[in-house]
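Here the structure is laid out as structure tokens; the discussion comes afterwards.
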Amino acid sequence: MDEEKKQAGGTPQEEASQEGAGGTDAQEASAQAGGGEPKAPDFSEELTRLQAERDQFRELAARAQADGINYRNWAEKEFKRLKAQGSERAVTALLPVLDNLERALEAGGDGQGICQGVRMVRDQFLSALETLGVTVIDPTGQEFSPLLHHAVALVETDDPAQDGQVIDVFRKGYSMNGTAIRPAQV
């Protein structure tokens, strides 16, 4: 068998070198067919698509955050509005009590102690209303305003300076936080 190898082309070492050379030829052939160096896959399109997707998600996150802030601001305003509305209803329900205290003081009578007690209760009640933001509308001598006053009588005057002015107040008006909750009857 060695003789056949010698006739065919030489020693076993030569054959091994020929096999190694044959492997190199295959690599060279594939490199030449591909145009030189083997090419890495092109990911530029994929990268561009993923960057656009990332930007879209960032924009969605920013919008969601802005929506959350807007909702929180709306909820705070709505809470304040409802709180003020509830306070206004409570004060409106208590105002007739104050009116009756005023009438009792005007009637007076012989009981000085009763008048003094009613006066103290009225003052305490007014103080409590002030802590809730309620102020008295006393329009005597002021220009008539339909937003603050409710006309129940009209008095003619010869003085042009008093024309359109409030002369007498039948029932006091009250405002809360700058808004009339009950107009004064004039």
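The chains in the structure tokens are called A, B, ... from first to last as shown; in each chain the residues are counted from 1, and the ligands are counted from 1 in the order shown.
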Next on the checklist: Give me, as a list in words, all polymer residues having an atom no more than 12 Å from stretch 113-125 of chain A, counting only C-alpha atoms and skipping those fewer than 6 positions away in the same chain.
Outcome noted: Val91, Leu94, Leu95, Pro96, Val97, Leu98, Asp99, Asn100, Leu101, Glu102, Arg103, Ala104, Leu105, Glu106, Ala107, Thr131, Leu132, Val134 and Thr135 of chain A
Checklist entry - Quick one: of A:Ile181, A:Phe144, A:Val152, A:Ser87, who's nearest to A:Gln165, counting only C-alpha atoms? => result A:Phe144
Checklist entry - In Å, how far is it from atom CA of A:Leu82 to atom CA of A:Arg63? => result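 Separation of atom CA of A:Leu82 and atom CA of A:Arg63: 28.2 Å.
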Next on the checklist: Using Å and a single decimal, report how far atom CA of A:Arg171 sits from atom CA of A:Pro139.
Outcome noted: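 We find that atom CA of A:Pro139 and atom CA of A:Arg171 lie 10.5 Å from each other.
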Next on the checklist: What parts of stretch 45-179 of chain A does DSSP call strand (DSSP E)? I'd like the answer as an NGL selection string.
Outcome noted: :A and (134-137 or 149-150 or 173-176 or 179)
